[in-house]
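Engineer: Okay, here's the structure, questions in a sec.
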Amino acid sequence: MEKVSFFDEIEKNRRNSIILASVVFLVLTSLVYVMAYSFVPEFSIFLLAFAVVFVTIYIYGTYNYGDSIVLSSVGAREVNENDKEYVHLFDVVDGLSIAAGIPRPKVYVIESDEMNAFATGKDAEHASIAVTTGLLEGLKRDELEGVIGHELSHIANYDIRFATLVAVMVGLIAILSDIMLRGWRFRTGEEREEKGGAGLLILIGLLLAIFSPLLVRLVQFAISRKREFLADASSAKLTRYPEGLASALEKIMKVNEGNMKVNEAVSHLFFVDPNKSSLDILYATHPPIKERIKLLRAM
Amino acid sequence: MWWVIPLAILAVLVLVAIFYVNKISVLSNRIDNAWSQIDVQLKKRVDLVPNLVETVKGYMAHEKDALRMVTEARKSMMGASDLKSRMKAEGELTRALKTILALSENYPRLKANENFMLLQEQLEGIENRVAYARQFYNDSVLSFNNTITTLPGKWFAGLVGKSSPKEYFEIGEEERKPVEVKF
(Lines give C-alpha, C1' and ligand atoms only; values in the text may rest on other atoms or scores of the structure.)
Protein backbone atom coordinates (compact mmCIF):
# COMPACT_ATOMS: atom_id res chain seq x y z
CA MET A 1 0.00 0.00 0.00
CA GLU A 2 1.23 3.45 -0.84
CA LYS A 3 1.70 6.13 1.72
CA VAL A 4 -1.31 7.93 3.12
CA SER A 5 -0.64 11.38 1.80
CA PHE A 6 -3.25 14.05 1.66
CA PHE A 7 -0.71 16.85 1.11
CA ASP A 8 -1.27 17.31 -2.62
CA GLU A 9 -5.04 17.17 -2.25
CA ILE A 10 -4.99 19.72 0.57
CA GLU A 11 -2.91 22.06 -1.59
CA LYS A 12 -5.30 21.66 -4.52
CA ASN A 13 -8.31 22.35 -2.33
CA ARG A 14 -6.67 25.37 -0.79
CA ARG A 15 -6.01 26.78 -4.25
CA ASN A 16 -9.55 25.99 -5.44
CA SER A 17 -11.04 27.67 -2.39
CA ILE A 18 -9.08 30.84 -3.06
CA ILE A 19 -10.07 30.82 -6.72
CA LEU A 20 -13.70 30.24 -5.81
CA ALA A 21 -13.72 33.03 -3.25
CA SER A 22 -12.13 35.43 -5.75
CA VAL A 23 -14.55 34.50 -8.51
CA VAL A 24 -17.51 34.85 -6.19
CA PHE A 25 -16.16 38.19 -5.01
CA LEU A 26 -15.82 39.49 -8.56
CA VAL A 27 -19.16 38.10 -9.74
CA LEU A 28 -21.08 39.46 -6.76
CA THR A 29 -19.53 42.92 -6.76
CA SER A 30 -19.93 43.28 -10.51
CA LEU A 31 -23.53 42.06 -10.25
CA VAL A 32 -24.23 44.71 -7.65
CA TYR A 33 -22.43 47.35 -9.67
CA VAL A 34 -24.27 46.49 -12.87
CA MET A 35 -27.57 46.54 -11.01
CA ALA A 36 -26.74 49.86 -9.43
CA TYR A 37 -25.59 51.36 -12.70
CA SER A 38 -28.71 50.36 -14.59
CA PHE A 39 -31.20 51.46 -11.93
CA VAL A 40 -29.57 54.33 -10.01
CA PRO A 41 -26.46 55.45 -11.90
CA GLU A 42 -25.93 58.46 -9.66
CA PHE A 43 -25.23 56.27 -6.62
CA SER A 44 -23.36 53.48 -8.37
CA ILE A 45 -19.91 54.29 -6.92
CA PHE A 46 -21.31 54.50 -3.43
CA LEU A 47 -23.13 51.22 -3.93
CA LEU A 48 -20.00 49.62 -5.29
CA ALA A 49 -18.11 50.48 -2.10
CA PHE A 50 -21.00 49.12 -0.10
CA ALA A 51 -20.97 45.94 -2.18
CA VAL A 52 -17.24 45.39 -1.64
CA VAL A 53 -17.67 45.63 2.13
CA PHE A 54 -20.77 43.47 2.14
CA VAL A 55 -19.28 40.76 -0.07
CA THR A 56 -16.09 40.66 1.99
CA ILE A 57 -18.10 40.12 5.16
CA TYR A 58 -20.22 37.56 3.36
CA ILE A 59 -17.23 35.53 2.21
CA TYR A 60 -15.61 35.72 5.62
CA GLY A 61 -18.85 34.60 7.26
CA THR A 62 -19.27 31.76 4.80
CA TYR A 63 -15.75 30.57 5.51
CA ASN A 64 -16.21 30.56 9.27
CA TYR A 65 -19.86 29.67 9.74
CA GLY A 66 -20.72 27.82 6.54
CA ASP A 67 -20.69 24.50 8.36
CA SER A 68 -23.28 25.62 10.94
CA ILE A 69 -25.50 26.97 8.15
CA VAL A 70 -25.31 23.68 6.25
CA LEU A 71 -25.86 21.56 9.37
CA SER A 72 -28.91 23.49 10.49
CA SER A 73 -30.33 23.65 6.97
CA VAL A 74 -30.57 19.84 6.89
CA GLY A 75 -31.80 19.56 10.48
CA ALA A 76 -28.80 17.76 11.92
CA ARG A 77 -28.47 17.49 15.69
CA GLU A 78 -25.21 17.00 17.55
CA VAL A 79 -24.88 13.82 19.60
CA ASN A 80 -22.85 13.15 22.69
CA GLU A 81 -20.26 10.41 22.99
CA ASN A 82 -21.67 9.35 26.34
CA ASP A 83 -25.02 8.62 24.74
CA LYS A 84 -25.43 4.84 24.94
CA GLU A 85 -27.27 4.78 21.65
CA TYR A 86 -24.26 6.05 19.71
CA VAL A 87 -21.37 4.22 21.40
CA HIS A 88 -21.00 2.17 18.26
CA LEU A 89 -20.91 5.20 15.98
CA PHE A 90 -18.36 7.00 18.13
CA ASP A 91 -16.23 3.86 18.19
CA VAL A 92 -16.10 3.83 14.43
CA VAL A 93 -15.54 7.58 14.04
CA ASP A 94 -12.87 7.59 16.74
CA GLY A 95 -10.93 4.65 15.34
CA LEU A 96 -10.96 5.87 11.76
CA SER A 97 -10.02 9.43 12.78
CA ILE A 98 -6.97 7.96 14.45
CA ALA A 99 -6.19 5.98 11.32
CA ALA A 100 -6.52 9.11 9.18
CA GLY A 101 -4.43 11.13 11.62
CA ILE A 102 -7.03 13.84 12.19
CA PRO A 103 -8.79 14.98 15.38
CA ARG A 104 -12.20 13.43 15.87
CA PRO A 105 -14.84 15.61 14.19
CA LYS A 106 -18.07 16.59 15.91
CA VAL A 107 -20.76 14.02 15.28
CA TYR A 108 -24.30 14.85 14.13
CA VAL A 109 -27.35 12.75 13.41
CA ILE A 110 -30.16 13.47 10.93
CA GLU A 111 -33.57 11.86 11.47
CA SER A 112 -34.34 10.18 8.18
CA ASP A 113 -35.04 6.72 6.84
CA GLU A 114 -32.80 7.45 3.89
CA MET A 115 -29.23 6.20 4.19
CA ASN A 116 -26.85 9.08 3.79
CA ALA A 117 -24.00 11.00 5.41
CA PHE A 118 -21.89 14.09 4.88
CA ALA A 119 -19.01 16.04 6.33
CA THR A 120 -18.49 19.79 6.53
CA GLY A 121 -16.23 22.40 8.13
CA LYS A 122 -13.39 24.74 7.30
CA ASP A 123 -10.53 22.40 8.19
CA ALA A 124 -9.77 19.17 10.00
CA GLU A 125 -9.73 20.93 13.37
CA HIS A 126 -13.20 22.42 12.84
CA ALA A 127 -14.99 19.59 11.11
CA SER A 128 -18.32 17.86 11.59
CA ILE A 129 -19.69 14.61 10.31
CA ALA A 130 -23.40 13.85 10.02
CA VAL A 131 -25.14 10.53 9.44
CA THR A 132 -28.80 9.68 9.03
CA THR A 133 -30.59 7.41 11.47
CA GLY A 134 -31.43 5.20 8.51
CA LEU A 135 -27.73 4.66 7.87
CA LEU A 136 -27.05 3.72 11.50
CA GLU A 137 -29.89 1.24 11.55
CA GLY A 138 -29.36 -0.33 8.16
CA LEU A 139 -25.62 -0.91 7.98
CA LYS A 140 -23.35 -3.47 9.58
CA ARG A 141 -20.18 -2.31 11.29
CA ASP A 142 -17.78 -2.84 8.39
CA GLU A 143 -20.20 -1.11 6.03
CA LEU A 144 -20.56 1.84 8.39
CA GLU A 145 -16.78 1.99 8.63
CA GLY A 146 -16.60 2.27 4.85
CA VAL A 147 -19.01 5.21 4.76
CA ILE A 148 -17.39 7.00 7.72
CA GLY A 149 -13.97 6.40 6.18
CA HIS A 150 -15.21 8.07 2.99
CA GLU A 151 -16.40 11.14 4.90
CA LEU A 152 -13.24 11.34 7.01
CA SER A 153 -11.18 11.34 3.82
CA HIS A 154 -13.16 14.35 2.64
CA ILE A 155 -12.19 16.02 5.92
CA ALA A 156 -8.53 14.98 5.81
CA ASN A 157 -7.98 16.29 2.29
CA TYR A 158 -9.94 19.53 2.89
CA ASP A 159 -12.65 18.72 0.37
CA ILE A 160 -15.07 19.86 3.04
CA ARG A 161 -13.82 23.43 2.98
CA PHE A 162 -14.24 23.86 -0.74
CA ALA A 163 -17.53 21.95 -0.87
CA THR A 164 -19.00 23.97 1.99
CA LEU A 165 -17.90 27.23 0.41
CA VAL A 166 -19.55 26.18 -2.85
CA ALA A 167 -22.73 25.17 -1.04
CA VAL A 168 -23.20 28.40 0.86
CA MET A 169 -21.97 30.77 -1.82
CA VAL A 170 -24.18 29.22 -4.46
CA GLY A 171 -27.22 30.23 -2.48
CA LEU A 172 -26.57 33.94 -2.56
CA ILE A 173 -25.50 34.14 -6.19
CA ALA A 174 -28.69 32.40 -7.22
CA ILE A 175 -30.86 34.71 -5.11
CA LEU A 176 -29.16 37.88 -6.33
CA SER A 177 -29.45 36.81 -9.94
CA ASP A 178 -33.14 36.15 -9.43
CA ILE A 179 -33.74 39.61 -8.00
CA MET A 180 -31.87 41.21 -10.84
CA LEU A 181 -33.72 39.39 -13.59
CA ARG A 182 -37.07 40.24 -12.05
CA GLY A 183 -36.18 43.91 -11.59
CA TRP A 184 -35.08 44.21 -15.17
CA ARG A 185 -38.26 42.66 -16.54
CA PHE A 186 -40.41 45.24 -14.73
CA ARG A 187 -38.75 48.14 -16.52
CA THR A 188 -40.63 49.50 -19.50
CA GLY A 189 -39.21 49.66 -22.98
CA GLU A 190 -39.03 53.48 -22.99
CA GLU A 191 -36.90 53.67 -19.91
CA ARG A 192 -34.50 51.18 -21.36
CA GLU A 193 -34.07 53.19 -24.53
CA GLU A 194 -33.34 56.40 -22.65
CA LYS A 195 -30.31 54.84 -21.12
CA GLY A 196 -28.75 53.72 -24.38
CA GLY A 197 -25.26 53.51 -22.90
CA ALA A 198 -26.44 51.25 -20.16
CA GLY A 199 -27.74 48.76 -22.68
CA LEU A 200 -24.51 46.81 -22.80
CA LEU A 201 -24.26 46.71 -19.03
CA ILE A 202 -27.81 45.48 -18.78
CA LEU A 203 -27.00 42.79 -21.27
CA ILE A 204 -23.96 41.70 -19.28
CA GLY A 205 -26.02 41.77 -16.12
CA LEU A 206 -28.63 39.65 -17.76
CA LEU A 207 -26.07 37.16 -18.96
CA LEU A 208 -24.52 37.02 -15.50
CA ALA A 209 -27.92 36.49 -13.96
CA ILE A 210 -28.71 33.66 -16.29
CA PHE A 211 -25.35 32.01 -16.27
CA SER A 212 -24.10 32.41 -12.73
CA PRO A 213 -26.26 29.69 -11.21
CA LEU A 214 -25.47 27.52 -14.18
CA LEU A 215 -21.75 28.20 -13.79
CA VAL A 216 -21.81 27.31 -10.15
CA ARG A 217 -23.70 24.14 -10.96
CA LEU A 218 -20.99 23.26 -13.40
CA VAL A 219 -18.29 23.92 -10.80
CA GLN A 220 -20.27 21.82 -8.38
CA PHE A 221 -20.49 18.84 -10.63
CA ALA A 222 -16.93 19.14 -11.84
CA ILE A 223 -15.52 18.93 -8.34
CA SER A 224 -17.69 16.41 -6.66
CA ARG A 225 -17.67 13.52 -9.05
CA LYS A 226 -13.91 13.10 -9.10
CA ARG A 227 -13.79 13.78 -5.36
CA GLU A 228 -16.17 10.92 -4.62
CA PHE A 229 -14.02 8.32 -6.35
CA LEU A 230 -10.97 9.63 -4.54
CA ALA A 231 -12.72 9.53 -1.16
CA ASP A 232 -13.89 5.96 -1.87
CA ALA A 233 -10.32 4.94 -2.54
CA SER A 234 -9.01 6.71 0.56
CA SER A 235 -11.72 5.06 2.62
CA ALA A 236 -10.54 1.68 1.43
CA LYS A 237 -7.02 2.69 2.45
CA LEU A 238 -8.21 3.58 5.94
CA THR A 239 -10.38 0.54 6.58
CA ARG A 240 -8.21 -1.84 4.53
CA TYR A 241 -11.50 -3.36 3.41
CA PRO A 242 -13.04 -1.97 0.21
CA GLU A 243 -15.80 -4.59 0.29
CA GLY A 244 -17.36 -2.91 3.35
CA LEU A 245 -17.96 0.30 1.43
CA ALA A 246 -19.02 -1.57 -1.70
CA SER A 247 -21.66 -3.52 0.17
CA ALA A 248 -22.82 -0.33 1.93
CA LEU A 249 -23.31 1.29 -1.48
CA GLU A 250 -25.22 -1.73 -2.68
CA LYS A 251 -27.60 -1.54 0.28
CA ILE A 252 -28.03 2.19 -0.19
CA MET A 253 -28.83 1.71 -3.86
CA LYS A 254 -31.64 -0.69 -2.91
CA VAL A 255 -33.06 1.22 0.05
CA ASN A 256 -32.83 4.91 -0.83
CA GLU A 257 -35.68 6.54 -2.65
CA GLY A 258 -33.98 9.89 -3.03
CA ASN A 259 -36.54 11.91 -1.12
CA MET A 260 -34.51 13.62 1.57
CA LYS A 261 -35.64 16.98 0.20
CA VAL A 262 -32.50 18.87 1.11
CA ASN A 263 -31.63 22.10 -0.62
CA GLU A 264 -30.02 21.58 -4.03
CA ALA A 265 -27.19 23.86 -2.97
CA VAL A 266 -25.97 21.39 -0.34
CA SER A 267 -26.75 18.12 -2.11
CA HIS A 268 -23.21 17.70 -3.42
CA LEU A 269 -21.92 17.41 0.15
CA PHE A 270 -23.73 14.14 0.70
CA PHE A 271 -22.38 10.61 0.44
CA VAL A 272 -24.94 9.73 -2.23
CA ASP A 273 -27.30 12.14 -3.97
CA PRO A 274 -30.05 12.90 -1.43
CA ASN A 275 -32.55 14.01 -4.08
CA LYS A 276 -33.59 11.96 -7.02
CA SER A 277 -32.34 14.18 -9.78
CA SER A 278 -34.72 14.88 -12.60
CA LEU A 279 -31.91 16.67 -14.41
CA ASP A 280 -29.81 14.88 -16.94
CA ILE A 281 -26.48 13.26 -16.17
CA LEU A 282 -24.46 16.41 -16.85
CA TYR A 283 -25.85 18.01 -13.72
CA ALA A 284 -25.63 14.99 -11.46
CA THR A 285 -23.52 15.89 -8.43
CA HIS A 286 -22.61 12.27 -7.78
CA PRO A 287 -21.13 9.55 -9.92
CA PRO A 288 -23.42 6.58 -10.50
CA ILE A 289 -23.35 4.23 -7.50
CA LYS A 290 -22.86 1.22 -9.75
CA GLU A 291 -19.65 2.67 -11.07
CA ARG A 292 -18.37 3.32 -7.56
CA ILE A 293 -19.12 -0.26 -6.54
CA LYS A 294 -17.37 -1.58 -9.62
CA LEU A 295 -14.21 0.40 -8.86
CA LEU A 296 -14.20 -0.66 -5.21
CA ARG A 297 -14.57 -4.31 -6.10
CA ALA A 298 -11.67 -4.00 -8.56
CA MET A 299 -9.30 -2.76 -5.84
CA MET B 1 26.00 38.40 -16.86
CA TRP B 2 27.64 34.97 -16.74
CA TRP B 3 27.16 34.75 -12.95
CA VAL B 4 23.38 34.61 -13.25
CA ILE B 5 23.39 30.96 -14.23
CA PRO B 6 25.32 29.51 -11.26
CA LEU B 7 23.34 31.78 -8.98
CA ALA B 8 20.06 30.47 -10.34
CA ILE B 9 21.27 26.89 -9.97
CA LEU B 10 22.30 27.59 -6.40
CA ALA B 11 18.92 29.14 -5.64
CA VAL B 12 17.11 26.11 -7.01
CA LEU B 13 19.32 23.78 -4.99
CA VAL B 14 18.64 25.72 -1.82
CA LEU B 15 14.89 25.63 -2.47
CA VAL B 16 14.93 21.88 -3.09
CA ALA B 17 16.96 21.37 0.09
CA ILE B 18 14.49 23.43 2.13
CA PHE B 19 11.59 21.49 0.68
CA TYR B 20 13.07 18.12 1.57
CA VAL B 21 14.35 19.11 4.99
CA ASN B 22 10.87 20.40 5.83
CA LYS B 23 9.20 17.32 4.45
CA ILE B 24 11.44 15.00 6.42
CA SER B 25 10.81 16.88 9.62
CA VAL B 26 7.04 16.96 9.06
CA LEU B 27 6.99 13.22 8.41
CA SER B 28 9.14 12.53 11.44
CA ASN B 29 6.87 14.63 13.64
CA ARG B 30 3.92 12.72 12.31
CA ILE B 31 5.47 9.49 13.57
CA ASP B 32 5.85 10.98 17.04
CA ASN B 33 2.25 12.12 16.92
CA ALA B 34 1.16 8.66 15.76
CA TRP B 35 2.99 7.08 18.63
CA SER B 36 1.34 9.36 21.15
CA GLN B 37 -2.02 8.33 19.67
CA ILE B 38 -1.21 4.71 20.43
CA ASP B 39 0.04 5.69 23.85
CA VAL B 40 -3.20 7.45 24.75
CA GLN B 41 -5.18 4.31 23.99
CA LEU B 42 -2.75 2.05 25.80
CA LYS B 43 -2.93 4.23 28.90
CA LYS B 44 -6.70 4.06 28.84
CA ARG B 45 -6.49 0.32 28.66
CA VAL B 46 -3.97 0.05 31.47
CA ASP B 47 -6.32 2.10 33.61
CA LEU B 48 -9.11 -0.39 33.03
CA VAL B 49 -7.08 -3.37 34.21
CA PRO B 50 -7.40 -3.00 38.02
CA ASN B 51 -11.12 -2.53 37.61
CA LEU B 52 -11.33 -5.62 35.41
CA VAL B 53 -9.30 -7.76 37.80
CA GLU B 54 -11.46 -6.58 40.71
CA THR B 55 -14.66 -7.48 38.88
CA VAL B 56 -13.45 -10.81 37.61
CA LYS B 57 -11.76 -12.03 40.81
CA GLY B 58 -14.93 -12.95 42.61
CA TYR B 59 -16.21 -15.10 39.76
CA MET B 60 -13.14 -16.86 38.47
CA ALA B 61 -11.04 -17.32 41.57
CA HIS B 62 -9.44 -20.53 40.26
CA GLU B 63 -7.99 -18.82 37.22
CA LYS B 64 -5.11 -17.45 39.26
CA ASP B 65 -2.65 -17.81 36.41
CA ALA B 66 -4.65 -15.73 34.03
CA LEU B 67 -5.24 -13.04 36.61
CA ARG B 68 -1.58 -12.93 37.54
CA MET B 69 -0.67 -12.68 33.88
CA VAL B 70 -2.81 -9.57 33.46
CA THR B 71 -1.50 -7.90 36.58
CA GLU B 72 2.08 -8.60 35.60
CA ALA B 73 1.59 -7.43 32.06
CA ARG B 74 0.17 -4.22 33.44
CA LYS B 75 3.18 -3.78 35.69
CA SER B 76 5.70 -4.28 32.92
CA MET B 77 3.61 -1.98 30.75
CA MET B 78 3.86 0.79 33.32
CA GLY B 79 7.55 0.17 33.90
CA ALA B 80 8.45 0.17 30.22
CA SER B 81 10.12 3.39 29.19
CA ASP B 82 11.45 2.97 25.67
CA LEU B 83 9.49 2.21 22.56
CA LYS B 84 10.65 -1.35 22.17
CA SER B 85 9.85 -2.56 25.65
CA ARG B 86 6.49 -0.79 25.55
CA MET B 87 5.61 -2.55 22.33
CA LYS B 88 6.54 -5.85 23.91
CA ALA B 89 4.58 -5.17 27.10
CA GLU B 90 1.64 -4.04 25.01
CA GLY B 91 1.62 -7.41 23.25
CA GLU B 92 1.71 -9.23 26.56
CA LEU B 93 -1.16 -7.23 27.96
CA THR B 94 -3.22 -7.78 24.83
CA ARG B 95 -2.68 -11.50 25.09
CA ALA B 96 -3.46 -11.60 28.79
CA LEU B 97 -6.68 -9.65 28.32
CA LYS B 98 -7.72 -11.89 25.47
CA THR B 99 -7.20 -14.89 27.72
CA ILE B 100 -9.38 -13.39 30.43
CA LEU B 101 -12.13 -12.58 27.99
CA ALA B 102 -11.94 -16.04 26.47
CA LEU B 103 -12.08 -17.66 29.92
CA SER B 104 -15.07 -15.56 30.87
CA GLU B 105 -17.07 -17.65 28.40
CA ASN B 106 -17.05 -20.40 31.02
CA TYR B 107 -18.64 -18.22 33.68
CA PRO B 108 -22.19 -17.33 32.73
CA ARG B 109 -22.73 -15.38 35.94
CA LEU B 110 -19.71 -13.23 35.20
CA LYS B 111 -20.85 -12.68 31.66
CA ALA B 112 -24.16 -11.41 32.95
CA ASN B 113 -22.45 -8.95 35.31
CA GLU B 114 -23.24 -5.46 34.14
CA ASN B 115 -19.91 -4.03 35.18
CA PHE B 116 -18.12 -6.77 33.29
CA MET B 117 -20.21 -6.21 30.19
CA LEU B 118 -19.35 -2.53 30.25
CA LEU B 119 -15.65 -3.26 30.73
CA GLN B 120 -15.71 -5.75 27.92
CA GLU B 121 -17.30 -3.23 25.61
CA GLN B 122 -14.74 -0.58 26.57
CA LEU B 123 -11.87 -3.00 26.05
CA GLU B 124 -13.16 -3.91 22.62
CA GLY B 125 -13.50 -0.25 21.72
CA ILE B 126 -9.96 0.46 22.84
CA GLU B 127 -8.65 -2.61 21.04
CA ASN B 128 -10.21 -1.33 17.88
CA ARG B 129 -8.65 2.11 18.34
CA VAL B 130 -5.26 0.61 19.11
CA ALA B 131 -5.44 -1.30 15.85
CA TYR B 132 -6.19 1.89 13.91
CA ALA B 133 -3.56 3.87 15.79
CA ARG B 134 -1.05 1.19 14.94
CA GLN B 135 -2.10 1.37 11.32
CA PHE B 136 -1.59 5.15 11.28
CA TYR B 137 1.78 4.70 12.97
CA ASN B 138 2.92 2.19 10.37
CA ASP B 139 1.62 4.33 7.53
CA SER B 140 3.57 7.29 8.91
CA VAL B 141 6.72 5.20 9.26
CA LEU B 142 6.29 3.95 5.71
CA SER B 143 6.08 7.42 4.21
CA PHE B 144 9.02 8.60 6.31
CA ASN B 145 11.15 5.62 5.36
CA ASN B 146 10.19 5.97 1.71
CA THR B 147 11.30 9.59 1.73
CA ILE B 148 14.65 9.08 3.41
CA THR B 149 15.65 5.96 1.50
CA THR B 150 14.87 7.24 -1.99
CA LEU B 151 16.65 9.97 -3.92
CA PRO B 152 16.78 12.89 -3.55
CA GLY B 153 15.39 12.66 -0.01
CA LYS B 154 18.30 10.41 0.95
CA TRP B 155 20.80 13.22 0.35
CA PHE B 156 19.02 15.61 2.66
CA ALA B 157 18.10 13.16 5.43
CA GLY B 158 21.76 13.05 6.44
CA LEU B 159 21.83 16.83 6.74
CA VAL B 160 19.29 16.82 9.55
CA GLY B 161 20.55 13.64 11.19
CA LYS B 162 17.50 11.58 10.26
CA SER B 163 19.05 9.08 7.90
CA SER B 164 18.10 5.91 9.79
CA PRO B 165 14.76 4.35 8.93
CA LYS B 166 12.22 4.08 11.75
CA GLU B 167 10.91 0.81 13.04
CA TYR B 168 7.45 -0.51 12.32
CA PHE B 169 5.07 -1.44 15.07
CA GLU B 170 4.94 -5.13 14.34
CA ILE B 171 2.43 -7.48 15.81
CA GLY B 172 4.42 -9.87 17.98
CA GLU B 173 4.68 -13.55 17.07
CA GLU B 174 2.90 -14.45 20.28
CA GLU B 175 0.04 -12.14 19.60
CA ARG B 176 -0.66 -13.80 16.29
CA LYS B 177 -1.20 -17.16 17.92
CA PRO B 178 -4.75 -17.92 18.93
CA VAL B 179 -5.37 -17.67 22.65
CA GLU B 180 -5.03 -20.97 24.45
CA VAL B 181 -7.71 -21.79 26.88
CA LYS B 182 -7.12 -24.63 29.33
CA PHE B 183 -10.02 -26.35 30.96
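Numbering starts fresh at 1 for the residues of each chain in the C-alpha coordinates, the chains themselves are lettered A, B, ... in the order given, and ligands are numbered from 1 as they appear.
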Pick out the residues sitting within 6 Å of stretch 82-96 of chain A, and hand them over as a list in words; count only C-alpha atoms, and ignore anything fewer than 6 positions along from it in its own chain.
Structural biologist: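 Near neighbours after the sequence-gap exclusion: Arg104 of chain A; Arg129 and Tyr132 of chain B.
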Engineer: For chain B against chain A, which residues fall within 7 Å using only C-alpha atoms, given as an MDAnalysis selection string?
Structural biologist: chainID B and resid 125 128:129 132:133 135:136 139 142:143
Engineer: Suppose we keep N, CA and C atoms; can you now write the selection as a short mmCIF file (atom, residue, chain, number, x, y, z; two decimals), in the first residue's frame?
Structural biologist:
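The resulting file, again_6.cif, is reproduced below:
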```cif
data_model
loop_
_atom_site.label_atom_id
_atom_site.label_comp_id
_atom_site.auth_asym_id
_atom_site.auth_seq_id
_atom_site.Cartn_x
_atom_site.Cartn_y
_atom_site.Cartn_z
N GLY B 125 -13.62 -1.56 22.37
CA GLY B 125 -13.50 -0.25 21.72
C GLY B 125 -12.06 0.21 21.68
N ASN B 128 -9.95 -1.80 19.23
CA ASN B 128 -10.21 -1.33 17.88
C ASN B 128 -9.41 -0.06 17.57
N ARG B 129 -9.39 0.86 18.54
CA ARG B 129 -8.65 2.11 18.34
C ARG B 129 -7.14 1.86 18.29
N TYR B 132 -6.24 0.78 14.87
CA TYR B 132 -6.19 1.89 13.91
C TYR B 132 -5.00 2.80 14.17
N ALA B 133 -4.70 3.01 15.46
CA ALA B 133 -3.56 3.87 15.79
C ALA B 133 -2.27 3.23 15.29
N GLN B 135 -2.07 1.23 12.77
CA GLN B 135 -2.10 1.37 11.32
C GLN B 135 -1.58 2.75 10.90
N PHE B 136 -2.04 3.78 11.60
CA PHE B 136 -1.59 5.15 11.28
C PHE B 136 -0.09 5.28 11.54
N ASP B 139 1.73 3.52 8.75
CA ASP B 139 1.62 4.33 7.53
C ASP B 139 2.59 5.50 7.58
N LEU B 142 6.06 4.30 7.12
CA LEU B 142 6.29 3.95 5.71
C LEU B 142 6.60 5.19 4.89
N SER B 143 5.81 6.26 5.06
CA SER B 143 6.08 7.42 4.21
C SER B 143 7.38 8.12 4.60
#
```
Engineer: Find the spatial neighbours of A:Phe271, counting only C-alpha atoms, within a cut-off of 9 Å - ignore same-chain residues fewer than 6 positions away - and output them as a VMD selection string.
Structural biologist: chain A and resid 115 to 119 147 150 to 151 228 286
Engineer: Would you please give, as a PyMOL selection string, all residues of stretch 54-141 of chain B that DSSP assigns to alpha helix (DSSP H) based on the backbone?
Structural biologist: chain B and resi 54-57+64-79+83-103+108-111+114-141
Engineer: So, counting only C-alpha atoms, which residue among A:Asp273, A:Glu257, A:Glu250, A:Glu114 is closest to A:Arg225?
Structural biologist: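 The closest residue to A:Arg225 is A:Asp273.
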